[in-house]
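Novice: Just passing along the structure, written as C-alpha cells.
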2 protein chains.
Amino acid sequence: MAKIVECVPNFSEGRNQEKIEAIVGEVRKSAGVTLLDYSSDKDHNRSVVTFIGEPQAVLEAAFRLASKAAELINMEEHHGEHPRMGATDVIPFIPVQEMEMSECVALAEQLGEKMGTDLGIPVYLYESAARSQQRRNLADVRRGQYEGFKEKIKDPEWVPDFGPATLHPTAGATAVGAREYLIAYNINLDTANLDIANQIARRVREKGGGLANVKAMGVFLEDRNIAQVSMNLVNYKKTPIYRVFEMVKMEARRYGVNALGSEVIGLVPVDALIESAEYYLQIEDFNKDSQILEKIL
Amino acid sequence: MAKIVECVPNFSEGRNQEKIEAIVGEVRKSAGVTLLDYSSDKDHNRSVVTFIGEPQAVLEAAFRLASKAAELINMEEHHGEHPRMGATDVIPFIPVQEMEMSECVALAEQLGEKMGTDLGIPVYLYESAARSQQRRNLADVRRGQYEGFKEKIKDPEWVPDFGPATLHPTAGATAVGAREYLIAYNINLDTANLDIANQIARRVREKGGGLANVKAMGVFLEDRNIAQVSMNLVNYKKTPIYRVFEMVKMEARRYGVNALGSEVIGLVPVDALIESAEYYLQIEDFNKDSQILEKIL
C-alpha cells in the first residue's frame with residue numbers, strides 16, 4: 001500500500017471567486033494529488049481546501065498553493081471574521097495510510113523551510129510539529145493576528161521556526177503543522193430542547209472536564225425539530241468514536257433523553273469504525289493490520 | 001480498485017506431503033495470484049487451499065490445481081473420514097472486491113466447462129452457481145460420494161452440468177460453485193459447561209430455527225476452562241455479525257450466562273465490521289462506499 005497523506009490548507013480569500021479558483025487550481029493541476037473538497041466562507045473571507053496523495057506530491061502541491069496565495073492575496077487589505085495571520089493561514093498534514101505522525105512532522109518541516117527560503121514567509125510549526133509547548137496550540141500561535149504580528153514577531157519568544165524574522169509585507173506569516181485526522185461526529189437526541197444538547201455538549205467536551213480530544217456544542221435541527229450534540233473528534237486514535245457515543249448517552253440520561261442516532265459527516269478512516277466494532281462485539285485479540293481482508297490485498 | 005476473487009479448492013489428499021506440495025505448487029507458481037493459506041487433515045485425507053487474485057488469474061490457477069490433482073490422485077485408492085466425490089472435490093469462487101456474485105457464477109461456469117472438456121471430469125455447479133434448486137446444497141450434490149456416483153451419474157436428474165456423463169476413472173467428479181465469503185466467528189461464554197454452549201448453538205443456528213446463514217456448535221476450550229459457541233457465518237451480508245452476537249447473548253441469558261468476548265478467526269471483509277459499527281453507533285444514512293477514506297483513495 002502506498003503512503004497517503006492529507007493536507008488541509010486554509011487561505012485568506014473567501015469572496016473573490018477568480019482568485020479562489022486560481023489558488024485551488026494550483027492543487028488541481030498538481031500531478032499525483034486528488035482534490036477532495038474546497039469551500040469558501042464570505043463572512044470569514046477564507047477558504048479551506050482538502051487534498052490527498054503521496055507525500056512528495058502533496059508537499060509540492062501545498063507549496064504551489066502557498067506561492068499562488070502569496071501572489072494574489074494582500075493581507076494589508078484583508079478583512080474577515082475568522083482569526084488569521086497570513087495569505088495562507090495554516091497548512092496541516094494528516095497521516096492517512098501507511099504514514100507515521102513523525103513523517104507528517106518531517107513534511108511540515110520541509111514545507112516550512114521551503115516557504116521561508118523561497119517565498120520569504122515566516123513559518124511557525126504547530127501541533128505535533130511544534131518545537132515548544134507554547135506553539136502546539138494554533139490559537140496561541142495566531143494570537144494577535146496579522147496586524148499584531150508586526151510586533152509579536154520581534155519578541156524573542158516568537159522568532160519563526162523558518163524564514164525571515166520579519167513579517168512578509170503582503171503575505172504575513174503561516175502556521176504549518178501535523179495533526180491527526182479530524183472526525184465530524186454528531187448525535188441526534190429525542191428532544192427539541194437545545195438547552196439540553198448544550199448542557200450535554202459542555203459535559204462531554206475536554207474543556208468541560210469530559211473526554212480529551214473532543215470539541216462539542218449543541219445545535220438545533222429545524223427540519224427535524226430535534227436537538228443535536230455536534231462534535232469534532234480531533235484524535236480518534238486516543239479517543240475512539242464508541243467512547244464518545246456512550247458518554248453522550250450517559251450524560252443524556254440525566255434528562256431522560258435518548259440518542260435517536262448519530263451522523264458521521266464526510267470521510268472517516270476505516271480504522272475508526274473497526275475500533276468501535278471491536279468494542280461492541282467484544283472481539284478478543286483482533287489484529288487490524290493482518291485480519292482485514294482488504295488490507296492484505 | 002481491481003476486481004479480486006477468492007478461491008478455496010478442497011482436494012482429496014491430506015497425507016502424502018510430496019503430492020500435497022505438488023498440487024499447491026500449481027497455485028504458488030501461477031502469476032497474479034496470492035496463496036493465502038493451505039492446510040491438510042490426515043484423518044480426512046483432504047487439503048484446503050485459499051488463494052486470491054484477479055478473476056482470470058484465479059481461474060487459470062484453479063484449473064492448474066485441478067489438473068495436477070487429477071494427475072496425482074486416484075480416487076479408487078482414496079480413504080478418509082470427510083465426504084468426497086473427486087480428486088478435486090469442490091472449488092468455490094467468492095467475491096472479495098469489486099465483484100458481483102454473478103461474475104463468480106460466470107467464473108464457475110468457465111472453469112466447469114474447461115474441466116469437463118480438457119480434463120474429462122464431470123462437473124456439477126452448486127450454491128449460487130447451481131442451475132436447479134436441488135443442486136444448491138453441496139451435501140445434496142455429493143450424497144453417495146465417489147463410490148456411489150458410478151450409479152448416481154446415470155440418473156437423469158444427476159446429469160453433470162459439464163463434461164462426460166460418466167465418472168472420470170480416477171479423478172471422479174467435482175463440484176464448482178460461487179458463494180459468499182465465510183466468516184469463522186466464535187463467542188466465549190463465562191461458563192465451563194459445554195452442554196450450555198451446545199444448547200445455545202442449537203437455538204442460534206439456522207437448522208434449529210435460529211438465524212439464517214449461521215452454522216453453530218458448542219466447543220470446550222481446555223486451556224481457558226470455558227465453553228464457546230463456534231460458528232460459521234455463511235452470508236455476512238444477509239446475516240451480519242452484530243445480529244449473531246446479540247442473539248447468542250440473548251439465548252445465553254436463559255442460563256444466567258454472559259459473553260466473555262468473541263473471536264474472529266482468520267480474515268474478515270472490512271464491510272462486515274463496518275456494518276456492526278454502524279448498528280451499535282446507530283449511524284444514520286452512512287454510505288460505506290463514499291464515506292470511508294481508504295475506499296476513495
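Going through the C-alpha cells in order, the chains are called A, B, and so on, while each chain numbers its residues from 1 and the ligands are numbered from 1 in the order shown.
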After superposing chain A onto chain B (least squares, all C-alpha atoms, pairing by order), export the transformed chain as a CSV table (one decimal) with C-alpha atoms, in the first residue's frame.
Specialist:
chain,number,residue,atom,x,y,z
A,1,MET,CA,-9.8,-0.8,-7.3
A,2,ALA,CA,-9.1,-4.1,-8.9
A,3,LYS,CA,-11.6,-6.9,-9.0
A,4,ILE,CA,-10.5,-9.6,-6.5
A,5,VAL,CA,-11.9,-13.1,-6.1
A,6,GLU,CA,-11.1,-15.8,-3.6
A,7,CYS,CA,-10.9,-19.5,-4.5
A,8,VAL,CA,-10.9,-22.3,-1.9
A,9,PRO,CA,-10.4,-25.7,-3.6
A,10,ASN,CA,-10.5,-28.9,-1.5
A,11,PHE,CA,-8.6,-31.8,-2.9
A,12,SER,CA,-8.5,-35.5,-1.9
A,13,GLU,CA,-5.0,-35.9,-0.6
A,14,GLY,CA,-4.0,-35.1,3.0
A,15,ARG,CA,-1.2,-37.6,3.8
A,16,ASN,CA,1.4,-37.7,1.0
A,17,GLN,CA,3.3,-34.5,1.5
A,18,GLU,CA,5.1,-34.7,-1.9
A,19,LYS,CA,1.8,-34.8,-3.7
A,20,ILE,CA,0.2,-32.1,-1.6
A,21,GLU,CA,3.2,-29.8,-2.3
A,22,ALA,CA,3.0,-30.6,-6.0
A,23,ILE,CA,-0.7,-29.7,-6.2
A,24,VAL,CA,-0.4,-26.5,-4.1
A,25,GLY,CA,2.7,-25.7,-6.1
A,26,GLU,CA,0.5,-25.1,-9.1
A,27,VAL,CA,-1.1,-22.2,-7.3
A,28,ARG,CA,2.2,-20.9,-5.9
A,29,LYS,CA,3.7,-20.7,-9.4
A,30,SER,CA,0.7,-19.1,-11.0
A,31,ALA,CA,1.2,-15.4,-11.9
A,32,GLY,CA,-1.1,-12.8,-10.4
A,33,VAL,CA,-2.5,-14.9,-7.5
A,34,THR,CA,-1.6,-14.9,-3.8
A,35,LEU,CA,-1.6,-18.2,-1.8
A,36,LEU,CA,-3.1,-17.2,1.5
A,37,ASP,CA,-3.2,-20.5,3.3
A,38,TYR,CA,-3.4,-24.3,2.9
A,39,SER,CA,-3.8,-27.1,5.4
A,40,SER,CA,-4.1,-30.8,5.3
A,41,ASP,CA,-6.0,-33.3,7.5
A,42,LYS,CA,-4.6,-36.8,7.7
A,43,ASP,CA,-7.9,-38.4,9.0
A,44,HIS,CA,-9.9,-36.7,6.3
A,45,ASN,CA,-7.1,-37.4,3.8
A,46,ARG,CA,-8.0,-34.0,2.3
A,47,SER,CA,-6.4,-30.6,1.9
A,48,VAL,CA,-7.9,-27.1,1.7
A,49,VAL,CA,-6.2,-24.3,-0.3
A,50,THR,CA,-7.1,-20.6,-0.1
A,51,PHE,CA,-5.8,-18.1,-2.7
A,52,ILE,CA,-6.9,-14.7,-4.1
A,53,GLY,CA,-6.2,-12.6,-7.2
A,54,GLU,CA,-7.9,-11.0,-10.2
A,55,PRO,CA,-10.6,-13.2,-11.8
A,56,GLN,CA,-8.8,-14.6,-14.8
A,57,ALA,CA,-5.6,-15.3,-12.9
A,58,VAL,CA,-7.6,-17.2,-10.2
A,59,LEU,CA,-9.5,-19.2,-12.9
A,60,GLU,CA,-6.2,-20.2,-14.5
A,61,ALA,CA,-4.6,-21.2,-11.1
A,62,ALA,CA,-7.7,-23.2,-10.1
A,63,PHE,CA,-7.6,-25.1,-13.5
A,64,ARG,CA,-3.9,-25.9,-13.0
A,65,LEU,CA,-4.5,-27.1,-9.5
A,66,ALA,CA,-7.4,-29.4,-10.7
A,67,SER,CA,-5.2,-30.7,-13.6
A,68,LYS,CA,-2.4,-31.6,-11.2
A,69,ALA,CA,-4.8,-33.2,-8.7
A,70,ALA,CA,-6.3,-35.3,-11.5
A,71,GLU,CA,-2.8,-36.4,-12.5
A,72,LEU,CA,-1.6,-37.4,-9.0
A,73,ILE,CA,-4.8,-38.6,-7.2
A,74,ASN,CA,-6.5,-42.0,-7.9
A,75,MET,CA,-9.9,-42.0,-6.3
A,76,GLU,CA,-10.0,-45.8,-6.7
A,77,GLU,CA,-7.4,-45.9,-3.9
A,78,HIS,CA,-8.7,-43.0,-1.8
A,79,HIS,CA,-9.9,-43.5,1.8
A,80,GLY,CA,-10.7,-40.8,4.3
A,81,GLU,CA,-13.4,-39.7,6.8
A,82,HIS,CA,-14.6,-36.6,4.9
A,83,PRO,CA,-17.3,-37.1,2.2
A,84,ARG,CA,-15.8,-36.6,-1.3
A,85,MET,CA,-16.6,-37.3,-4.9
A,86,GLY,CA,-13.4,-36.4,-6.8
A,87,ALA,CA,-9.6,-35.7,-6.9
A,88,THR,CA,-10.5,-32.1,-6.7
A,89,ASP,CA,-13.6,-32.4,-4.7
A,90,VAL,CA,-15.0,-28.9,-4.6
A,91,ILE,CA,-14.0,-25.4,-6.0
A,92,PRO,CA,-15.9,-22.4,-4.8
A,93,PHE,CA,-15.3,-18.8,-6.0
A,94,ILE,CA,-16.0,-16.0,-3.5
A,95,PRO,CA,-16.4,-12.3,-4.3
A,96,VAL,CA,-13.9,-10.2,-2.3
A,97,GLN,CA,-13.6,-6.8,-3.9
A,98,GLU,CA,-15.5,-5.1,-6.8
A,99,MET,CA,-17.1,-8.4,-7.7
A,100,GLU,CA,-20.7,-9.3,-8.0
A,101,MET,CA,-21.9,-12.8,-7.2
A,102,SER,CA,-23.0,-13.1,-10.8
A,103,GLU,CA,-19.3,-12.7,-11.9
A,104,CYS,CA,-18.3,-15.5,-9.6
A,105,VAL,CA,-21.0,-17.7,-11.1
A,106,ALA,CA,-19.6,-16.9,-14.6
A,107,LEU,CA,-16.1,-18.0,-13.4
A,108,ALA,CA,-17.6,-21.2,-12.0
A,109,GLU,CA,-19.2,-21.8,-15.4
A,110,GLN,CA,-16.0,-21.1,-17.3
A,111,LEU,CA,-13.9,-23.4,-15.1
A,112,GLY,CA,-16.6,-26.1,-15.2
A,113,GLU,CA,-16.6,-26.1,-19.0
A,114,LYS,CA,-12.8,-26.2,-19.2
A,115,MET,CA,-12.5,-29.0,-16.7
A,116,GLY,CA,-15.2,-31.0,-18.6
A,117,THR,CA,-13.7,-30.5,-22.0
A,118,ASP,CA,-9.9,-30.5,-21.3
A,119,LEU,CA,-9.7,-32.9,-18.4
A,120,GLY,CA,-12.8,-35.1,-19.1
A,121,ILE,CA,-14.1,-34.6,-15.6
A,122,PRO,CA,-17.9,-34.3,-15.0
A,123,VAL,CA,-18.7,-31.0,-13.2
A,124,TYR,CA,-21.7,-30.0,-11.1
A,125,LEU,CA,-22.4,-26.4,-10.4
A,126,TYR,CA,-23.5,-25.7,-6.8
A,127,GLU,CA,-24.7,-23.0,-4.4
A,128,SER,CA,-25.1,-19.7,-6.1
A,129,ALA,CA,-23.9,-21.2,-9.4
A,130,ALA,CA,-26.4,-24.1,-9.2
A,131,ARG,CA,-28.8,-24.3,-12.2
A,132,SER,CA,-31.5,-26.2,-10.2
A,133,GLN,CA,-32.7,-26.0,-6.6
A,134,GLN,CA,-31.6,-29.6,-5.8
A,135,ARG,CA,-28.0,-28.8,-6.8
A,136,ARG,CA,-27.6,-25.8,-4.5
A,137,ASN,CA,-26.6,-27.7,-1.4
A,138,LEU,CA,-23.2,-29.3,-1.7
A,139,ALA,CA,-24.2,-32.2,0.6
A,140,ASP,CA,-27.0,-33.1,-1.8
A,141,VAL,CA,-24.7,-33.0,-4.8
A,142,ARG,CA,-22.1,-35.1,-3.1
A,143,ARG,CA,-24.5,-37.7,-1.6
A,144,GLY,CA,-23.3,-41.2,-2.5
A,145,GLN,CA,-19.7,-40.0,-2.8
A,146,TYR,CA,-17.2,-41.2,-5.4
A,147,GLU,CA,-18.2,-44.8,-5.1
A,148,GLY,CA,-21.9,-44.1,-5.4
A,149,PHE,CA,-21.5,-41.7,-8.3
A,150,LYS,CA,-20.7,-44.5,-10.8
A,151,GLU,CA,-24.5,-45.2,-10.6
A,152,LYS,CA,-25.8,-41.7,-9.6
A,153,ILE,CA,-24.3,-40.1,-12.7
A,154,LYS,CA,-26.6,-42.3,-14.9
A,155,ASP,CA,-29.7,-40.9,-13.3
A,156,PRO,CA,-31.2,-38.3,-15.7
A,157,GLU,CA,-31.7,-36.0,-12.6
A,158,TRP,CA,-27.9,-36.0,-12.1
A,159,VAL,CA,-26.5,-35.5,-15.6
A,160,PRO,CA,-23.4,-33.2,-15.0
A,161,ASP,CA,-23.6,-29.6,-16.0
A,162,PHE,CA,-20.3,-29.9,-17.9
A,163,GLY,CA,-18.1,-32.8,-19.2
A,164,PRO,CA,-18.8,-36.4,-19.9
A,165,ALA,CA,-21.9,-38.3,-18.5
A,166,THR,CA,-19.5,-40.9,-17.0
A,167,LEU,CA,-17.3,-40.6,-14.0
A,168,HIS,CA,-13.6,-39.9,-14.7
A,169,PRO,CA,-11.9,-43.3,-14.1
A,170,THR,CA,-9.5,-41.9,-11.4
A,171,ALA,CA,-10.4,-38.3,-10.8
A,172,GLY,CA,-14.2,-38.8,-10.2
A,173,ALA,CA,-16.3,-35.7,-10.4
A,174,THR,CA,-16.0,-32.1,-9.1
A,175,ALA,CA,-18.4,-29.6,-7.7
A,176,VAL,CA,-17.7,-26.0,-8.8
A,177,GLY,CA,-19.6,-23.1,-7.3
A,178,ALA,CA,-19.9,-19.6,-6.1
A,179,ARG,CA,-20.7,-18.5,-2.6
A,180,GLU,CA,-20.4,-15.7,-0.1
A,181,TYR,CA,-17.3,-15.2,2.1
A,182,LEU,CA,-17.5,-17.4,5.2
A,183,ILE,CA,-16.6,-15.8,8.6
A,184,ALA,CA,-15.5,-18.0,11.4
A,185,TYR,CA,-16.8,-16.3,14.6
A,186,ASN,CA,-16.8,-17.6,18.1
A,187,ILE,CA,-18.3,-16.3,21.3
A,188,ASN,CA,-16.7,-17.1,24.7
A,189,LEU,CA,-19.1,-17.7,27.6
A,190,ASP,CA,-18.5,-17.1,31.3
A,191,THR,CA,-19.3,-20.7,32.1
A,192,ALA,CA,-17.3,-23.9,31.9
A,193,ASN,CA,-20.5,-25.9,31.1
A,194,LEU,CA,-20.2,-27.2,27.5
A,195,ASP,CA,-23.8,-28.4,27.7
A,196,ILE,CA,-25.0,-24.7,28.0
A,197,ALA,CA,-22.8,-23.7,25.0
A,198,ASN,CA,-24.4,-26.6,23.0
A,199,GLN,CA,-27.9,-25.5,24.0
A,200,ILE,CA,-27.3,-22.0,22.9
A,201,ALA,CA,-25.7,-23.2,19.6
A,202,ARG,CA,-28.7,-25.3,18.8
A,203,ARG,CA,-31.1,-22.3,19.3
A,204,VAL,CA,-29.0,-19.8,17.4
A,205,ARG,CA,-28.3,-21.8,14.3
A,206,GLU,CA,-30.5,-21.9,11.2
A,207,LYS,CA,-31.4,-25.6,11.5
A,208,GLY,CA,-32.6,-25.1,15.1
A,209,GLY,CA,-35.0,-22.3,14.1
A,210,GLY,CA,-32.5,-19.6,14.8
A,211,LEU,CA,-30.7,-17.2,12.5
A,212,ALA,CA,-30.4,-18.0,8.7
A,213,ASN,CA,-26.9,-18.5,7.4
A,214,VAL,CA,-25.5,-19.5,10.8
A,215,LYS,CA,-23.9,-22.9,11.7
A,216,ALA,CA,-23.1,-23.3,15.3
A,217,MET,CA,-21.8,-25.8,17.9
A,218,GLY,CA,-20.5,-25.8,21.4
A,219,VAL,CA,-16.8,-26.2,22.1
A,220,PHE,CA,-14.9,-26.5,25.4
A,221,LEU,CA,-11.7,-24.5,25.7
A,222,GLU,CA,-9.5,-26.5,28.0
A,223,ASP,CA,-6.8,-24.0,28.5
A,224,ARG,CA,-9.2,-21.2,29.6
A,225,ASN,CA,-11.7,-23.6,31.3
A,226,ILE,CA,-14.7,-21.9,29.5
A,227,ALA,CA,-17.3,-23.0,27.0
A,228,GLN,CA,-17.6,-21.4,23.6
A,229,VAL,CA,-20.3,-21.1,20.9
A,230,SER,CA,-18.3,-21.8,17.7
A,231,MET,CA,-19.9,-20.6,14.5
A,232,ASN,CA,-19.6,-20.2,10.7
A,233,LEU,CA,-21.5,-17.2,9.3
A,234,VAL,CA,-22.0,-18.3,5.7
A,235,ASN,CA,-23.6,-15.0,4.5
A,236,TYR,CA,-22.5,-12.0,6.5
A,237,LYS,CA,-24.2,-9.7,4.1
A,238,LYS,CA,-27.7,-11.1,4.9
A,239,THR,CA,-26.9,-12.1,8.5
A,240,PRO,CA,-24.5,-9.6,10.0
A,241,ILE,CA,-22.1,-10.3,12.9
A,242,TYR,CA,-23.9,-7.9,15.4
A,243,ARG,CA,-27.1,-9.9,15.0
A,244,VAL,CA,-25.4,-13.1,15.8
A,245,PHE,CA,-23.6,-11.6,18.8
A,246,GLU,CA,-26.8,-10.1,20.2
A,247,MET,CA,-28.7,-13.4,19.6
A,248,VAL,CA,-26.2,-15.5,21.4
A,249,LYS,CA,-26.2,-13.1,24.4
A,250,MET,CA,-30.0,-13.2,24.4
A,251,GLU,CA,-30.2,-17.0,24.4
A,252,ALA,CA,-27.4,-17.1,27.1
A,253,ARG,CA,-29.5,-15.1,29.5
A,254,ARG,CA,-31.8,-18.1,30.1
A,255,TYR,CA,-28.8,-19.6,31.9
A,256,GLY,CA,-27.6,-16.5,33.6
A,257,VAL,CA,-24.6,-16.7,31.3
A,258,ASN,CA,-22.8,-13.7,29.7
A,259,ALA,CA,-20.4,-13.2,26.8
A,260,LEU,CA,-16.8,-12.8,27.9
A,261,GLY,CA,-15.8,-11.8,24.5
A,262,SER,CA,-15.8,-12.9,20.9
A,263,GLU,CA,-13.2,-14.1,18.3
A,264,VAL,CA,-12.9,-13.5,14.6
A,265,ILE,CA,-10.8,-16.4,13.2
A,266,GLY,CA,-8.6,-15.6,10.2
A,267,LEU,CA,-9.6,-13.0,7.7
A,268,VAL,CA,-12.8,-10.9,7.7
A,269,PRO,CA,-14.1,-8.5,5.0
A,270,VAL,CA,-13.9,-4.9,6.3
A,271,ASP,CA,-17.6,-4.3,5.4
A,272,ALA,CA,-18.7,-6.9,7.9
A,273,LEU,CA,-17.1,-4.9,10.7
A,274,ILE,CA,-18.3,-1.5,9.3
A,275,GLU,CA,-21.9,-2.9,9.3
A,276,SER,CA,-21.6,-3.7,13.0
A,277,ALA,CA,-20.1,-0.3,13.8
A,278,GLU,CA,-23.0,1.3,12.0
A,279,TYR,CA,-25.5,-0.7,14.0
A,280,TYR,CA,-24.1,0.0,17.4
A,281,LEU,CA,-23.3,3.6,16.8
A,282,GLN,CA,-26.8,4.0,15.2
A,283,ILE,CA,-25.2,5.9,12.3
A,284,GLU,CA,-27.9,7.3,10.0
A,285,ASP,CA,-27.5,7.4,6.2
A,286,PHE,CA,-23.9,6.1,6.1
A,287,ASN,CA,-22.6,5.3,2.7
A,288,LYS,CA,-19.9,2.5,2.9
A,289,ASP,CA,-18.7,3.1,-0.6
A,290,SER,CA,-18.3,6.9,-0.6
A,291,GLN,CA,-17.5,7.8,3.1
A,292,ILE,CA,-14.7,5.4,3.9
A,293,LEU,CA,-11.4,7.3,3.3
A,294,GLU,CA,-9.4,4.3,2.2
A,295,LYS,CA,-12.1,3.2,-0.3
A,296,ILE,CA,-11.9,6.4,-2.3
A,297,LEU,CA,-8.1,6.4,-2.6
Novice: Could you pull out the residues in region 8-204 of chain B that DSSP calls strand (DSSP E) from the backbone, as a VMD selection string?
Specialist: chain B and resid 10 to 11 33 to 41 46 to 53 88 to 97 123 to 127 174 to 178 183 to 189
Novice: Please extract the residues of region 139-251 of chain A with a backbone DSSP assignment of alpha helix (DSSP H) and present them as an MDAnalysis selection string.
Specialist: chainID A and resid 139:142 145:152 194:204 241:251
Novice: Would you write out those residues with N, CA and C atoms, as a compact mmCIF listing (two decimals), in the first residue's frame?
Specialist:
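Contents of result_4.txt, as written:
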# COMPACT_ATOMS: atom_id res chain seq x y z
N ALA A 139 -4.26 28.41 18.23
CA ALA A 139 -4.83 29.68 18.71
C ALA A 139 -3.76 30.52 19.41
N ASP A 140 -2.84 29.87 20.14
CA ASP A 140 -1.75 30.60 20.81
C ASP A 140 -0.79 31.20 19.79
N VAL A 141 -0.46 30.40 18.76
CA VAL A 141 0.45 30.87 17.72
C VAL A 141 -0.14 32.10 17.03
N ARG A 142 -1.44 32.00 16.71
CA ARG A 142 -2.08 33.02 15.88
C ARG A 142 -2.51 34.27 16.67
N GLN A 145 -3.06 38.05 15.58
CA GLN A 145 -3.38 38.03 14.15
C GLN A 145 -2.37 38.80 13.29
N TYR A 146 -2.69 38.94 12.02
CA TYR A 146 -1.76 39.58 11.08
C TYR A 146 -1.28 40.93 11.58
N GLU A 147 -2.24 41.75 12.01
CA GLU A 147 -1.88 43.11 12.43
C GLU A 147 -0.95 43.10 13.64
N GLY A 148 -1.24 42.26 14.62
CA GLY A 148 -0.43 42.20 15.84
C GLY A 148 0.94 41.57 15.63
N PHE A 149 1.07 40.76 14.55
CA PHE A 149 2.32 40.04 14.32
C PHE A 149 3.49 40.96 13.95
N LYS A 150 3.16 42.15 13.49
CA LYS A 150 4.25 43.08 13.16
C LYS A 150 5.12 43.35 14.39
N GLU A 151 4.47 43.36 15.58
CA GLU A 151 5.22 43.48 16.83
C GLU A 151 5.61 42.12 17.40
N LYS A 152 4.62 41.17 17.40
CA LYS A 152 4.83 39.88 18.06
C LYS A 152 6.07 39.16 17.54
N LEU A 194 -32.83 22.64 22.81
CA LEU A 194 -31.43 22.95 22.52
C LEU A 194 -30.61 23.11 23.79
N ASP A 195 -31.23 23.60 24.83
CA ASP A 195 -30.52 23.81 26.09
C ASP A 195 -29.96 22.47 26.62
N ILE A 196 -30.74 21.42 26.49
CA ILE A 196 -30.26 20.10 26.94
C ILE A 196 -29.06 19.65 26.11
N ALA A 197 -29.13 19.86 24.79
CA ALA A 197 -28.00 19.50 23.92
C ALA A 197 -26.75 20.27 24.32
N ASN A 198 -26.93 21.56 24.66
CA ASN A 198 -25.79 22.37 25.09
C ASN A 198 -25.22 21.90 26.42
N GLN A 199 -26.10 21.54 27.35
CA GLN A 199 -25.65 21.02 28.65
C GLN A 199 -24.82 19.74 28.47
N ILE A 200 -25.31 18.86 27.62
CA ILE A 200 -24.59 17.60 27.37
C ILE A 200 -23.24 17.89 26.71
N ALA A 201 -23.27 18.79 25.71
CA ALA A 201 -22.04 19.13 24.99
C ALA A 201 -20.98 19.65 25.96
N ARG A 202 -21.40 20.52 26.89
CA ARG A 202 -20.45 21.10 27.85
C ARG A 202 -19.80 20.04 28.74
N ARG A 203 -20.56 19.01 29.09
CA ARG A 203 -20.04 17.97 29.98
C ARG A 203 -19.19 16.94 29.25
N VAL A 204 -19.45 16.79 27.96
CA VAL A 204 -18.76 15.74 27.20
C VAL A 204 -17.41 16.22 26.67
N ILE A 241 -14.59 6.65 18.69
CA ILE A 241 -15.99 7.06 18.50
C ILE A 241 -16.93 6.42 19.53
N TYR A 242 -16.74 5.09 19.80
CA TYR A 242 -17.69 4.43 20.70
C TYR A 242 -17.69 5.09 22.08
N ARG A 243 -16.54 5.57 22.55
CA ARG A 243 -16.47 6.17 23.88
C ARG A 243 -17.26 7.48 23.91
N VAL A 244 -17.18 8.21 22.82
CA VAL A 244 -17.93 9.47 22.70
C VAL A 244 -19.43 9.19 22.67
N PHE A 245 -19.83 8.19 21.88
CA PHE A 245 -21.26 7.84 21.78
C PHE A 245 -21.81 7.42 23.14
N GLU A 246 -21.08 6.55 23.83
CA GLU A 246 -21.54 6.06 25.13
C GLU A 246 -21.58 7.19 26.17
N MET A 247 -20.60 8.10 26.09
CA MET A 247 -20.54 9.21 27.05
C MET A 247 -21.71 10.17 26.85
N VAL A 248 -22.04 10.46 25.62
CA VAL A 248 -23.19 11.34 25.35
C VAL A 248 -24.47 10.70 25.86
N LYS A 249 -24.66 9.39 25.61
CA LYS A 249 -25.87 8.71 26.08
C LYS A 249 -25.93 8.73 27.61
N MET A 250 -24.77 8.56 28.24
CA MET A 250 -24.72 8.55 29.70
C MET A 250 -25.12 9.91 30.26
N GLU A 251 -24.59 10.99 29.69
CA GLU A 251 -24.93 12.33 30.18
C GLU A 251 -26.39 12.69 29.86
